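Q: Just so it is clear, I am handing over model_38.cif, which has mmCIF, C-alpha atoms.
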```cif
data_protein
loop_
_atom_site.label_atom_id
_atom_site.label_comp_id
_atom_site.auth_asym_id
_atom_site.auth_seq_id
_atom_site.Cartn_x
_atom_site.Cartn_y
_atom_site.Cartn_z
CA MET A 545 5.26 -1.11 -30.63
CA VAL A 546 3.95 -2.99 -27.60
CA THR A 547 6.40 -3.56 -24.76
CA ILE A 548 5.64 -6.73 -22.81
CA LEU A 549 6.86 -6.59 -19.22
CA LEU A 550 7.55 -10.07 -17.83
CA ALA A 551 8.41 -10.49 -14.14
CA THR A 552 10.12 -13.81 -13.39
CA TYR A 553 11.21 -15.71 -10.31
CA ASN A 554 11.90 -19.46 -10.29
CA GLY A 555 9.41 -19.98 -13.11
CA GLU A 556 11.03 -22.80 -15.07
CA ASP A 557 8.00 -25.13 -14.82
CA TYR A 558 5.70 -23.04 -16.99
CA LEU A 559 7.80 -20.24 -18.51
CA LYS A 560 8.55 -21.92 -21.83
CA ALA A 561 4.85 -22.28 -22.68
CA GLN A 562 4.27 -18.60 -21.92
CA LEU A 563 7.17 -17.51 -24.11
CA GLU A 564 5.96 -19.71 -26.96
CA SER A 565 2.51 -18.12 -26.71
CA ILE A 566 4.09 -14.65 -27.03
CA ALA A 567 6.09 -15.74 -30.06
CA SER A 568 2.87 -17.06 -31.66
CA GLN A 569 0.97 -13.76 -31.41
CA THR A 570 -0.78 -12.55 -34.56
CA TYR A 571 0.40 -9.03 -33.65
CA GLY A 572 4.13 -9.10 -34.33
CA ASN A 573 5.26 -5.59 -33.38
CA TRP A 574 6.27 -6.43 -29.82
CA ARG A 575 9.34 -6.45 -27.65
CA LEU A 576 9.81 -8.35 -24.40
CA ILE A 577 11.60 -6.98 -21.35
CA THR A 578 12.06 -9.47 -18.53
CA GLY A 579 13.00 -8.66 -14.97
CA ASP A 580 14.32 -11.66 -13.07
CA ASP A 581 14.25 -11.38 -9.29
CA GLY A 582 17.08 -13.78 -8.42
CA SER A 583 15.89 -17.11 -9.84
CA CYS A 584 17.97 -20.11 -8.76
CA ASP A 585 16.37 -22.63 -11.14
CA GLY A 586 16.48 -22.80 -14.94
CA THR A 587 14.49 -19.60 -15.56
CA LEU A 588 17.39 -17.52 -16.88
CA ASN A 589 18.55 -20.31 -19.19
CA ILE A 590 15.04 -20.53 -20.68
CA LEU A 591 15.00 -16.76 -21.19
CA ARG A 592 18.45 -16.79 -22.82
CA GLU A 593 17.43 -19.54 -25.24
CA PHE A 594 14.34 -17.54 -26.18
CA LYS A 595 16.46 -14.43 -26.72
CA LYS A 596 18.63 -16.35 -29.18
CA CYS A 597 15.55 -16.79 -31.36
CA TYR A 598 14.45 -13.15 -31.02
CA PRO A 599 17.68 -11.21 -30.30
CA ASP A 600 16.30 -7.82 -31.33
CA GLN A 601 13.01 -8.19 -29.46
CA VAL A 602 14.07 -9.57 -26.08
CA LYS A 603 15.92 -7.88 -23.24
CA ILE A 604 16.80 -9.69 -19.99
CA ILE A 605 17.38 -7.76 -16.77
CA LYS A 606 18.75 -9.41 -13.63
CA ASN A 607 17.51 -7.43 -10.65
CA GLU A 608 20.50 -6.88 -8.37
CA PRO A 609 19.50 -6.66 -5.63
CA ALA A 610 16.17 -8.43 -6.06
CA THR A 611 13.11 -6.20 -5.85
CA GLY A 612 11.46 -8.63 -3.43
CA SER A 613 7.96 -8.91 -4.91
CA ALA A 614 6.04 -9.15 -8.17
CA LYS A 615 4.62 -5.67 -7.52
CA ASN A 616 8.04 -4.10 -7.15
CA ASN A 617 9.40 -6.05 -10.11
CA PHE A 618 6.63 -4.88 -12.44
CA ILE A 619 6.85 -1.26 -11.33
CA ASN A 620 10.62 -1.33 -11.78
CA LEU A 621 10.18 -2.69 -15.31
CA LEU A 622 7.55 -0.08 -16.13
CA ARG A 623 9.72 2.77 -14.88
CA ASN A 624 12.62 1.62 -17.04
CA SER A 625 10.77 0.98 -20.31
CA HIS A 626 9.74 3.27 -23.15
CA GLY A 627 6.53 1.94 -24.69
CA PRO A 628 4.50 3.59 -26.15
CA TYR A 629 2.22 0.74 -25.03
CA PHE A 630 2.87 -1.68 -22.18
CA MET A 631 1.44 -5.08 -21.24
CA PHE A 632 2.03 -6.92 -17.96
CA CYS A 633 2.86 -10.60 -18.30
CA ASP A 634 3.02 -13.38 -15.69
CA GLN A 635 5.49 -16.23 -16.10
CA ASP A 636 3.03 -19.11 -15.73
CA ASP A 637 0.10 -18.22 -18.00
CA VAL A 638 -0.52 -18.82 -21.71
CA TRP A 639 -1.69 -16.09 -24.07
CA LYS A 640 -4.23 -16.75 -26.80
CA ARG A 641 -2.93 -15.88 -30.26
CA ASP A 642 -4.96 -12.69 -30.65
CA LYS A 643 -4.35 -11.29 -27.15
CA ILE A 644 -2.15 -8.38 -28.20
CA TYR A 645 -4.18 -7.70 -31.36
CA GLU A 646 -7.56 -7.57 -29.61
CA THR A 647 -6.25 -5.45 -26.74
CA MET A 648 -4.42 -3.08 -29.08
CA LYS A 649 -7.53 -2.68 -31.23
CA LYS A 650 -9.47 -1.50 -28.18
CA MET A 651 -6.61 0.77 -27.09
CA GLU A 652 -6.46 2.45 -30.51
CA ALA A 653 -10.22 3.02 -30.46
CA MET A 654 -9.99 4.58 -27.01
CA GLU A 655 -7.10 6.85 -27.96
CA GLU A 656 -8.91 7.93 -31.11
CA ARG A 657 -11.91 8.89 -28.99
CA TYR A 658 -10.17 10.45 -25.97
CA GLY A 659 -6.71 11.36 -27.26
CA LYS A 660 -3.25 9.92 -26.68
CA ASP A 661 -2.65 12.31 -23.79
CA THR A 662 -5.41 10.57 -21.81
CA PRO A 663 -4.21 7.82 -19.46
CA ILE A 664 -5.90 4.65 -20.71
CA LEU A 665 -6.00 1.10 -19.39
CA VAL A 666 -7.52 -1.75 -21.39
CA HIS A 667 -8.15 -5.08 -19.71
CA THR A 668 -9.91 -8.27 -20.73
CA ASP A 669 -11.61 -11.37 -19.46
CA LEU A 670 -9.53 -14.52 -19.05
CA SER A 671 -10.09 -18.25 -18.82
CA VAL A 672 -9.13 -20.06 -15.62
CA VAL A 673 -7.24 -23.35 -16.10
CA ASP A 674 -5.42 -25.84 -13.90
CA GLU A 675 -1.68 -26.54 -14.00
CA ASN A 676 -2.18 -28.78 -17.06
CA LEU A 677 -4.23 -26.13 -18.90
CA GLU A 678 -7.46 -28.05 -18.32
CA MET A 679 -10.42 -25.66 -18.20
CA ILE A 680 -11.78 -24.64 -14.80
CA ALA A 681 -13.87 -21.65 -15.94
CA GLU A 682 -14.30 -20.04 -19.34
CA SER A 683 -14.78 -16.61 -17.75
CA PHE A 684 -12.76 -15.39 -14.78
CA PHE A 685 -15.22 -12.56 -14.18
CA GLN A 686 -18.11 -14.96 -13.76
CA TYR A 687 -15.97 -17.35 -11.73
CA ALA A 688 -14.81 -14.67 -9.27
CA ASN A 689 -18.07 -12.67 -9.41
CA LEU A 690 -16.38 -9.42 -10.40
CA PRO A 691 -17.96 -6.37 -12.06
CA LYS A 692 -17.02 -5.67 -15.67
CA ARG A 693 -17.97 -2.00 -15.43
CA ILE A 694 -15.84 -0.26 -12.84
CA ALA A 695 -17.16 2.59 -10.71
CA LEU A 696 -14.70 4.50 -8.55
CA ASN A 697 -16.67 3.96 -5.35
CA GLN A 698 -16.27 0.20 -5.90
CA LEU A 699 -12.72 0.30 -7.23
CA ILE A 700 -11.30 1.96 -4.13
CA VAL A 701 -12.42 -1.03 -2.05
CA GLN A 702 -12.08 -3.86 -4.60
CA ASN A 703 -9.90 -4.21 -7.69
CA SER A 704 -11.38 -5.99 -10.69
CA VAL A 705 -8.54 -5.33 -13.15
CA THR A 706 -6.33 -8.40 -13.62
CA GLY A 707 -2.87 -7.11 -14.44
CA CYS A 708 -1.84 -9.99 -16.70
CA THR A 709 -4.62 -8.99 -19.13
CA ALA A 710 -3.91 -5.27 -19.07
CA MET A 711 -2.39 -2.82 -21.53
CA ILE A 712 -1.62 0.79 -20.62
CA ASN A 713 -0.47 3.70 -22.75
CA ARG A 714 2.42 6.11 -22.28
CA ALA A 715 0.16 8.77 -20.75
CA LEU A 716 -0.64 6.37 -17.90
CA GLN A 717 2.96 5.18 -17.55
CA LYS A 718 3.99 8.75 -16.68
CA TYR A 719 2.12 8.47 -13.39
CA PHE A 720 4.55 5.73 -12.36
CA LEU A 721 7.66 7.81 -13.06
CA GLN A 722 7.45 10.05 -10.00
CA PRO A 723 8.26 8.97 -6.44
CA LEU A 724 5.65 6.46 -5.29
CA PRO A 725 4.59 5.22 -1.82
CA MET A 726 5.68 1.66 -2.59
CA GLY A 727 4.78 0.37 0.87
CA LYS A 728 1.17 1.51 0.42
CA ILE A 729 0.62 0.19 -3.10
CA LEU A 730 -1.23 -3.14 -2.96
CA MET A 731 -0.39 -4.23 -6.51
CA HIS A 732 0.89 -2.56 -9.66
CA ASP A 733 -2.32 -3.32 -11.58
CA TYR A 734 -4.50 -1.88 -8.80
CA TRP A 735 -2.51 1.37 -8.83
CA ALA A 736 -2.71 1.55 -12.63
CA ALA A 737 -6.48 1.03 -12.47
CA LEU A 738 -6.85 3.88 -9.97
CA VAL A 739 -4.79 6.20 -12.18
CA ALA A 740 -6.85 5.32 -15.24
CA LYS A 741 -10.18 5.68 -13.46
CA ILE A 742 -9.40 9.01 -11.81
CA PHE A 743 -7.34 10.72 -14.50
CA GLY A 744 -8.33 8.87 -17.65
CA ARG A 745 -10.33 5.91 -18.93
CA ILE A 746 -10.70 2.15 -18.41
CA ALA A 747 -11.93 -0.08 -21.23
CA PHE A 748 -12.88 -3.77 -21.09
CA VAL A 749 -12.69 -6.45 -23.78
CA ASN A 750 -15.44 -8.93 -22.97
CA GLU A 751 -13.55 -11.94 -24.31
CA PRO A 752 -10.98 -14.20 -22.63
CA THR A 753 -7.59 -13.45 -24.18
CA MET A 754 -5.45 -15.83 -22.12
CA TYR A 755 -5.35 -18.93 -19.94
CA TYR A 756 -4.84 -18.04 -16.26
CA ARG A 757 -3.00 -21.04 -14.85
CA GLN A 758 -3.77 -22.08 -11.27
CA HIS A 759 -1.15 -24.08 -9.40
CA GLY A 760 0.40 -24.38 -5.97
CA ASN A 761 2.88 -21.51 -6.41
CA ASN A 762 0.50 -18.78 -7.58
CA SER A 763 1.24 -15.50 -5.83
CA VAL A 764 -2.39 -14.38 -6.18
CA GLY A 765 -4.57 -16.87 -8.03
CA ALA A 766 -8.23 -17.00 -8.96
CA LYS A 767 -10.80 -17.60 -6.25
CA ASN A 768 -14.31 -18.93 -6.88
CA SER A 769 -16.37 -16.53 -4.80
CA LYS A 770 -19.41 -18.85 -4.95
CA ASN A 771 -17.54 -21.89 -3.69
CA PRO A 772 -18.60 -22.78 -0.10
CA VAL A 773 -15.04 -23.91 0.68
CA PHE A 774 -13.67 -20.51 -0.28
CA LEU A 775 -16.33 -18.72 1.74
CA MET A 776 -15.67 -20.89 4.79
CA GLN A 777 -11.96 -20.18 4.49
CA ARG A 778 -12.60 -16.43 4.40
CA LEU A 779 -14.81 -16.71 7.48
CA LYS A 780 -12.15 -18.76 9.29
CA GLU A 781 -9.57 -16.09 8.57
CA GLY A 782 -11.87 -13.88 10.60
CA LYS A 783 -12.35 -10.27 11.48
CA GLU A 784 -8.73 -9.33 12.14
CA SER A 785 -7.52 -10.60 8.78
CA TYR A 786 -10.36 -8.84 6.99
CA ARG A 787 -9.74 -5.58 8.81
CA LYS A 788 -6.05 -5.67 7.93
CA GLN A 789 -7.01 -5.94 4.26
CA MET A 790 -9.42 -3.02 4.58
CA ILE A 791 -6.78 -0.90 6.32
CA LYS A 792 -4.34 -1.65 3.51
CA SER A 793 -6.87 -0.54 0.90
CA MET A 794 -7.46 2.69 2.82
CA GLU A 795 -3.71 3.28 3.16
CA GLN A 796 -3.36 2.79 -0.58
CA ILE A 797 -5.88 5.54 -1.26
CA GLN A 798 -4.19 7.70 1.36
CA GLY A 799 -0.90 7.21 -0.53
CA PHE A 800 -2.63 7.96 -3.83
CA VAL A 801 -3.95 11.28 -2.53
CA GLU A 802 -0.55 12.17 -1.09
CA THR A 803 1.18 11.36 -4.38
CA TYR A 804 -1.20 13.11 -6.80
CA GLY A 805 -2.81 15.59 -4.42
CA GLU A 806 -2.41 18.71 -6.54
CA GLU A 807 -4.03 17.04 -9.54
CA ILE A 808 -6.85 15.53 -7.51
CA GLU A 809 -7.86 18.57 -5.44
CA GLY A 810 -9.90 20.10 -8.23
CA LEU A 811 -11.74 16.91 -9.08
CA ASP A 812 -15.19 15.87 -7.86
CA GLU A 813 -13.67 12.63 -6.57
CA TYR A 814 -11.29 14.37 -4.16
CA ASN A 815 -13.52 14.29 -1.07
CA LEU A 816 -14.43 10.64 -1.64
CA LEU A 817 -10.76 9.65 -1.88
CA LYS A 818 -9.61 11.85 0.98
CA THR A 819 -12.32 10.58 3.33
CA TYR A 820 -11.79 6.92 2.45
CA GLY A 821 -8.03 7.25 2.92
CA ASN A 822 -8.54 8.33 6.54
CA LEU A 823 -11.68 6.33 7.25
CA TYR A 824 -10.29 3.62 9.47
CA TYR A 825 -9.46 6.08 12.23
CA ARG A 826 -13.04 7.32 12.57
CA GLY A 827 -14.89 4.47 14.27
CA LYS A 828 -17.03 1.67 12.89
CA MET A 829 -20.32 3.59 12.77
CA ARG A 830 -18.69 6.35 10.73
CA ARG A 831 -17.28 3.75 8.37
CA LEU A 832 -20.64 2.02 7.91
CA TYR A 833 -22.33 5.36 7.27
CA PHE A 834 -19.68 6.17 4.66
CA TYR A 835 -20.10 2.80 2.91
CA ARG A 836 -23.85 3.23 2.71
CA ASN A 837 -23.88 6.91 1.82
CA HIS A 838 -21.32 6.59 -0.98
CA GLN A 839 -22.10 2.99 -1.99
CA VAL A 840 -18.50 1.99 -1.35
CA LEU A 841 -19.31 -1.72 -1.37
CA LYS A 842 -17.70 -4.85 -2.72
CA GLU A 843 -19.39 -7.01 -5.34
CA GLY A 844 -21.34 -10.05 -4.11
CA LYS A 845 -23.62 -10.75 -1.16
CA ILE A 846 -21.00 -12.53 0.96
CA ARG A 847 -18.39 -9.83 0.36
CA LYS A 848 -20.92 -7.16 1.31
CA LEU A 849 -21.92 -9.07 4.43
CA MET A 850 -18.30 -9.33 5.60
CA GLN A 851 -17.84 -5.64 4.88
CA TRP A 852 -20.85 -4.71 7.02
CA LEU A 853 -19.84 -7.04 9.83
CA TRP A 854 -16.09 -6.44 9.93
CA GLY A 855 -15.35 -3.39 7.80
#
```
Could you write out this structure as structure tokens?
A:
Amino acid sequence: MVTILLATYNGEDYLKAQLESIASQTYGNWRLITGDDGSCDGTLNILREFKKCYPDQVKIIKNEPATGSAKNNFINLLRNSHGPYFMFCDQDDVWKRDKIYETMKKMEAMEERYGKDTPILVHTDLSVVDENLEMIAESFFQYANLPKRIALNQLIVQNSVTGCTAMINRALQKYFLQPLPMGKILMHDYWAALVAKIFGRIAFVNEPTMYYRQHGNNSVGAKNSKNPVFLMQRLKEGKESYRKQMIKSMEQIQGFVETYGEEIEGLDEYNLLKTYGNLYYRGKMRRLYFYRNHQVLKEGKIRKLMQWLWG
């Protein structure tokens, strides 16, 4: 059984297409749990109509009070679901028919190799499309210039796991069931990737399994890292904006160490995590030395340049 976790908020424009793509999956052993964060449009009506067609597979939760963000909504759903496998789902995308099947096939292979008690995250490539599902880029990873193989020294400074492609197992879910530093977590998928990398395994399916819709209301969205307009925008945002992002990434690792400290202390990665979590209070030269010495660098020449200049 695969539990699909769908976070919704005023998503009536694109939600129906996403639900139809779930219903059309070649892998039929799924259930859908939706968490609505106070929609005031037709979102709940669309969900209720879908539930009528699949009464035993769909559960609708109205968050009262609202969780306040997609991150909080997804984590709340994950903490109140039973699995044994979980997939994160955005309200405005469209899944290809074999998305669950291909991801589950990789998950089963990983669990056979490493055991079901190992926290495992499987993620995939995705195609970037516009609001009308017209193709922008066949491969998100090429479009955004992201690494497909994830090393911890890169992951702590840059996430390359896209949550809407990800599946996690029950062993990883357990790391979300204890008290978490919600204010320090950047996104639910980033936290899940850190758990999998440090305590378990991450696997990648090198095929697009969904259409990642770009429109004016995207909470995150895909950015073309090679586009001069994007690069100019990042430069205009300037040093202070960049530094705030770096501080947040360091605070996230600080929160990770505080949360799982006893499990991490005996690992080789402990000193790397501990030092990075407190790095911003040590002066720029110390930070630059740390980046170089441990190769804690973002992917791409422009990203690296900004890190050296402003990080």
Q: Can you give me, as a PDB file with C-alpha atoms, in the coordinates of the input, the residues this file yields under the PyMOL selection byres ((chain A and resi 730) around 8)?
A:
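The resulting file, selection-v5.pdb, is shown below:
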```
ATOM      1  CA  LYS A 615       4.620  -5.670  -7.520  1.00  0.00           C
ATOM      2  CA  GLY A 727       4.780   0.370   0.870  1.00  0.00           C
ATOM      3  CA  LYS A 728       1.170   1.510   0.420  1.00  0.00           C
ATOM      4  CA  ILE A 729       0.620   0.190  -3.100  1.00  0.00           C
ATOM      5  CA  MET A 731      -0.390  -4.230  -6.510  1.00  0.00           C
ATOM      6  CA  HIS A 732       0.890  -2.560  -9.660  1.00  0.00           C
ATOM      7  CA  TYR A 734      -4.500  -1.880  -8.800  1.00  0.00           C
ATOM      8  CA  TRP A 735      -2.510   1.370  -8.830  1.00  0.00           C
ATOM      9  CA  LYS A 792      -4.340  -1.650   3.510  1.00  0.00           C
ATOM     10  CA  SER A 793      -6.870  -0.540   0.900  1.00  0.00           C
ATOM     11  CA  GLN A 796      -3.360   2.790  -0.580  1.00  0.00           C
TER      12      GLN A 796
END
```
Q: For A:Tyr658, please output as a list in words all residues within 12 Å (counting only C-alpha atoms; exclusion window: fewer than 5 positions along the same chain).
A: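 Surrounding residues, per the criterion: Met651, Glu652, Ala653, Pro663, Ile664, Ala715, Phe743, Gly744, Arg745, Ile746 and Ala747 of chain A.
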Q: Store the residues picked out above in a file with C-alpha atoms, as a PDB file, in the frame of the given file.
A:
```pdb
ATOM      1  CA  MET A 651      -6.610   0.770 -27.090  1.00  0.00           C
ATOM      2  CA  GLU A 652      -6.460   2.450 -30.510  1.00  0.00           C
ATOM      3  CA  ALA A 653     -10.220   3.020 -30.460  1.00  0.00           C
ATOM      4  CA  PRO A 663      -4.210   7.820 -19.460  1.00  0.00           C
ATOM      5  CA  ILE A 664      -5.900   4.650 -20.710  1.00  0.00           C
ATOM      6  CA  ALA A 715       0.160   8.770 -20.750  1.00  0.00           C
ATOM      7  CA  PHE A 743      -7.340  10.720 -14.500  1.00  0.00           C
ATOM      8  CA  GLY A 744      -8.330   8.870 -17.650  1.00  0.00           C
ATOM      9  CA  ARG A 745     -10.330   5.910 -18.930  1.00  0.00           C
ATOM     10  CA  ILE A 746     -10.700   2.150 -18.410  1.00  0.00           C
ATOM     11  CA  ALA A 747     -11.930  -0.080 -21.230  1.00  0.00           C
TER      12      ALA A 747
END
```
Q: So what do you get for atom CA of A:Ser565 versus atom CA of A:Lys718, distance-wise?
A: 28.7 Å
Q: I'd like the interatomic distance between atom CA of A:Cys633 and atom CA of A:Thr578, to a tenth of an Å.
A: 9.3 Å
Q: What is the atom CA of A:Phe594-atom CA of A:Glu556 distance in Å, reported with one decimal?
A: 12.7 Å
Q: Could you check which of A:Thr570, A:Gln722, A:Ser785, A:Thr662 is closest to A:Asn620, using only C-alpha atoms?
A: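 Ranking A:Thr570, A:Gln722, A:Ser785, A:Thr662 by distance to A:Asn620, first place goes to A:Gln722.
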Q: I'd like to know which of A:Gln601, A:Gln635, A:Gln798, A:Asn689 is closest to A:Ala561, using all atoms listed in the file.
A: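 Checking each of A:Gln601, A:Gln635, A:Gln798, A:Asn689 against A:Ala561, counting all atoms listed in the file, the winner is A:Gln635.
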Q: Go through A:Thr547, A:Gln758, A:Thr803, A:Asn822 one by one, measure the shortest atom-to-atom distance of each to A:Leu677 using only C-alpha atoms, and give the residue with the smallest value.
A: A:Gln758
Q: Let me know the centre plus edge lengths, in Å and rounded to one decimal, of a box with edges along x, y and z that contains all listed atoms of stretch 555-566 of chain A and is padded by 6 Å on every side, as AutoDock Vina command-line options.
A:
```
--center_x 6.8 --center_y -19.9 --center_z -20.1 --size_x 20.5 --size_y 22.5 --size_z 25.9
```
Q: Which residue is closest to A:Met794? Choose from A:Leu699, A:Val638, A:Leu716, A:Ile590 and count all atoms listed in the file.
A: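 Comparing A:Leu699, A:Val638, A:Leu716, A:Ile590 against A:Met794, the winner is A:Leu699.
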Q: Can you tell me, as a PDB file with C-alpha atoms, in the coordinates of the input, which residues sit within 12 Å of (-3.5, 9.6, -6.2) in the file's frame, using all atoms listed in the file?
A:
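Ended up saving to out-v3.pdb:
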```pdb
ATOM      1  CA  ILE A 700     -11.300   1.960  -4.130  1.00  0.00           C
ATOM      2  CA  TYR A 719       2.120   8.470 -13.390  1.00  0.00           C
ATOM      3  CA  PHE A 720       4.550   5.730 -12.360  1.00  0.00           C
ATOM      4  CA  GLN A 722       7.450  10.050 -10.000  1.00  0.00           C
ATOM      5  CA  PRO A 723       8.260   8.970  -6.440  1.00  0.00           C
ATOM      6  CA  LEU A 724       5.650   6.460  -5.290  1.00  0.00           C
ATOM      7  CA  PRO A 725       4.590   5.220  -1.820  1.00  0.00           C
ATOM      8  CA  LYS A 728       1.170   1.510   0.420  1.00  0.00           C
ATOM      9  CA  ILE A 729       0.620   0.190  -3.100  1.00  0.00           C
ATOM     10  CA  TYR A 734      -4.500  -1.880  -8.800  1.00  0.00           C
ATOM     11  CA  TRP A 735      -2.510   1.370  -8.830  1.00  0.00           C
ATOM     12  CA  ALA A 736      -2.710   1.550 -12.630  1.00  0.00           C
ATOM     13  CA  ALA A 737      -6.480   1.030 -12.470  1.00  0.00           C
ATOM     14  CA  LEU A 738      -6.850   3.880  -9.970  1.00  0.00           C
ATOM     15  CA  VAL A 739      -4.790   6.200 -12.180  1.00  0.00           C
ATOM     16  CA  ALA A 740      -6.850   5.320 -15.240  1.00  0.00           C
ATOM     17  CA  LYS A 741     -10.180   5.680 -13.460  1.00  0.00           C
ATOM     18  CA  ILE A 742      -9.400   9.010 -11.810  1.00  0.00           C
ATOM     19  CA  PHE A 743      -7.340  10.720 -14.500  1.00  0.00           C
ATOM     20  CA  GLU A 795      -3.710   3.280   3.160  1.00  0.00           C
ATOM     21  CA  GLN A 796      -3.360   2.790  -0.580  1.00  0.00           C
ATOM     22  CA  ILE A 797      -5.880   5.540  -1.260  1.00  0.00           C
ATOM     23  CA  GLN A 798      -4.190   7.700   1.360  1.00  0.00           C
ATOM     24  CA  GLY A 799      -0.900   7.210  -0.530  1.00  0.00           C
ATOM     25  CA  PHE A 800      -2.630   7.960  -3.830  1.00  0.00           C
ATOM     26  CA  VAL A 801      -3.950  11.280  -2.530  1.00  0.00           C
ATOM     27  CA  GLU A 802      -0.550  12.170  -1.090  1.00  0.00           C
ATOM     28  CA  THR A 803       1.180  11.360  -4.380  1.00  0.00           C
ATOM     29  CA  TYR A 804      -1.200  13.110  -6.800  1.00  0.00           C
ATOM     30  CA  GLY A 805      -2.810  15.590  -4.420  1.00  0.00           C
ATOM     31  CA  GLU A 806      -2.410  18.710  -6.540  1.00  0.00           C
ATOM     32  CA  GLU A 807      -4.030  17.040  -9.540  1.00  0.00           C
ATOM     33  CA  ILE A 808      -6.850  15.530  -7.510  1.00  0.00           C
ATOM     34  CA  GLU A 809      -7.860  18.570  -5.440  1.00  0.00           C
ATOM     35  CA  LEU A 811     -11.740  16.910  -9.080  1.00  0.00           C
ATOM     36  CA  GLU A 813     -13.670  12.630  -6.570  1.00  0.00           C
ATOM     37  CA  TYR A 814     -11.290  14.370  -4.160  1.00  0.00           C
ATOM     38  CA  LEU A 816     -14.430  10.640  -1.640  1.00  0.00           C
ATOM     39  CA  LEU A 817     -10.760   9.650  -1.880  1.00  0.00           C
ATOM     40  CA  LYS A 818      -9.610  11.850   0.980  1.00  0.00           C
ATOM     41  CA  GLY A 821      -8.030   7.250   2.920  1.00  0.00           C
TER      42      GLY A 821
END
```
Q: Quick one: everything within 12 Å of A:Ser583, counting all atoms listed in the file, minus sequence neighbours fewer than 4 positions away in the same chain. Send it as an mmCIF file with C-alpha atoms, in the frame of the given file.
A:
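File produced: out35.cif:
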```cif
data_model
loop_
_atom_site.group_PDB
_atom_site.id
_atom_site.type_symbol
_atom_site.label_atom_id
_atom_site.label_comp_id
_atom_site.auth_asym_id
_atom_site.auth_seq_id
_atom_site.Cartn_x
_atom_site.Cartn_y
_atom_site.Cartn_z
ATOM 1 C CA ALA A 551 8.410 -10.490 -14.140
ATOM 2 C CA THR A 552 10.120 -13.810 -13.390
ATOM 3 C CA TYR A 553 11.210 -15.710 -10.310
ATOM 4 C CA ASN A 554 11.900 -19.460 -10.290
ATOM 5 C CA GLY A 555 9.410 -19.980 -13.110
ATOM 6 C CA GLU A 556 11.030 -22.800 -15.070
ATOM 7 C CA GLY A 579 13.000 -8.660 -14.970
ATOM 8 C CA THR A 587 14.490 -19.600 -15.560
ATOM 9 C CA LEU A 588 17.390 -17.520 -16.880
ATOM 10 C CA ASN A 589 18.550 -20.310 -19.190
ATOM 11 C CA ILE A 590 15.040 -20.530 -20.680
ATOM 12 C CA LEU A 591 15.000 -16.760 -21.190
ATOM 13 C CA ILE A 605 17.380 -7.760 -16.770
ATOM 14 C CA LYS A 606 18.750 -9.410 -13.630
ATOM 15 C CA ASN A 607 17.510 -7.430 -10.650
ATOM 16 C CA GLU A 608 20.500 -6.880 -8.370
ATOM 17 C CA PRO A 609 19.500 -6.660 -5.630
ATOM 18 C CA ALA A 610 16.170 -8.430 -6.060
ATOM 19 C CA THR A 611 13.110 -6.200 -5.850
ATOM 20 C CA GLY A 612 11.460 -8.630 -3.430
#
```
Q: For the structure shown, which residues end up in the PyMOL selection byres ((chain A and resi 681-687) around 6)? Put them as number ranges by chain, please?
A: A: 670-672, 679-680, 688-690, 768
Q: Restricting the calculation to only C-alpha atoms: of A:Tyr571, A:Tyr756, A:Phe618, A:Tyr825, which residue gets closest to A:Met648?
A: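 With only C-alpha atoms as the atom set, the closest residue is A:Tyr571.
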Q: From the options A:Asp580, A:Asp669, A:Glu655, A:Glu675, which residue's atoms come nearest to A:Ser613, counting all atoms listed in the file?
A: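 Selected residue with least distance to A:Ser613: A:Asp580.
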Q: Taking N, CA and C atoms as the atom set, what does stretch 548-557 of chain A look like once completed, written as an mmCIF file, in the frame of the given file?
A:
```cif
data_model
loop_
_atom_site.group_PDB
_atom_site.id
_atom_site.type_symbol
_atom_site.label_atom_id
_atom_site.label_comp_id
_atom_site.auth_asym_id
_atom_site.auth_seq_id
_atom_site.Cartn_x
_atom_site.Cartn_y
_atom_site.Cartn_z
ATOM 1 N N ILE A 548 6.156 -5.731 -23.751
ATOM 2 C CA ILE A 548 5.640 -6.730 -22.810
ATOM 3 C C ILE A 548 6.591 -6.795 -21.628
ATOM 4 N N LEU A 549 6.058 -6.586 -20.437
ATOM 5 C CA LEU A 549 6.860 -6.590 -19.220
ATOM 6 C C LEU A 549 6.619 -7.906 -18.489
ATOM 7 N N LEU A 550 7.649 -8.726 -18.414
ATOM 8 C CA LEU A 550 7.550 -10.070 -17.830
ATOM 9 C C LEU A 550 8.385 -10.136 -16.557
ATOM 10 N N ALA A 551 7.723 -10.333 -15.422
ATOM 11 C CA ALA A 551 8.410 -10.490 -14.140
ATOM 12 C C ALA A 551 8.600 -11.976 -13.873
ATOM 13 N N THR A 552 9.847 -12.390 -13.616
ATOM 14 C CA THR A 552 10.120 -13.810 -13.390
ATOM 15 C C THR A 552 10.812 -14.050 -12.059
ATOM 16 N N TYR A 553 10.514 -15.229 -11.507
ATOM 17 C CA TYR A 553 11.210 -15.710 -10.310
ATOM 18 C C TYR A 553 10.963 -17.212 -10.196
ATOM 19 N N ASN A 554 11.991 -17.996 -10.382
ATOM 20 C CA ASN A 554 11.900 -19.460 -10.290
ATOM 21 C C ASN A 554 10.686 -19.995 -11.056
ATOM 22 N N GLY A 555 10.597 -19.629 -12.319
ATOM 23 C CA GLY A 555 9.410 -19.980 -13.110
ATOM 24 C C GLY A 555 9.640 -21.034 -14.166
ATOM 25 N N GLU A 556 10.655 -21.874 -14.004
ATOM 26 C CA GLU A 556 11.030 -22.800 -15.070
ATOM 27 C C GLU A 556 9.924 -23.788 -15.453
ATOM 28 N N ASP A 557 9.016 -24.110 -14.535
ATOM 29 C CA ASP A 557 8.000 -25.130 -14.820
ATOM 30 C C ASP A 557 7.061 -24.744 -15.947
#
```
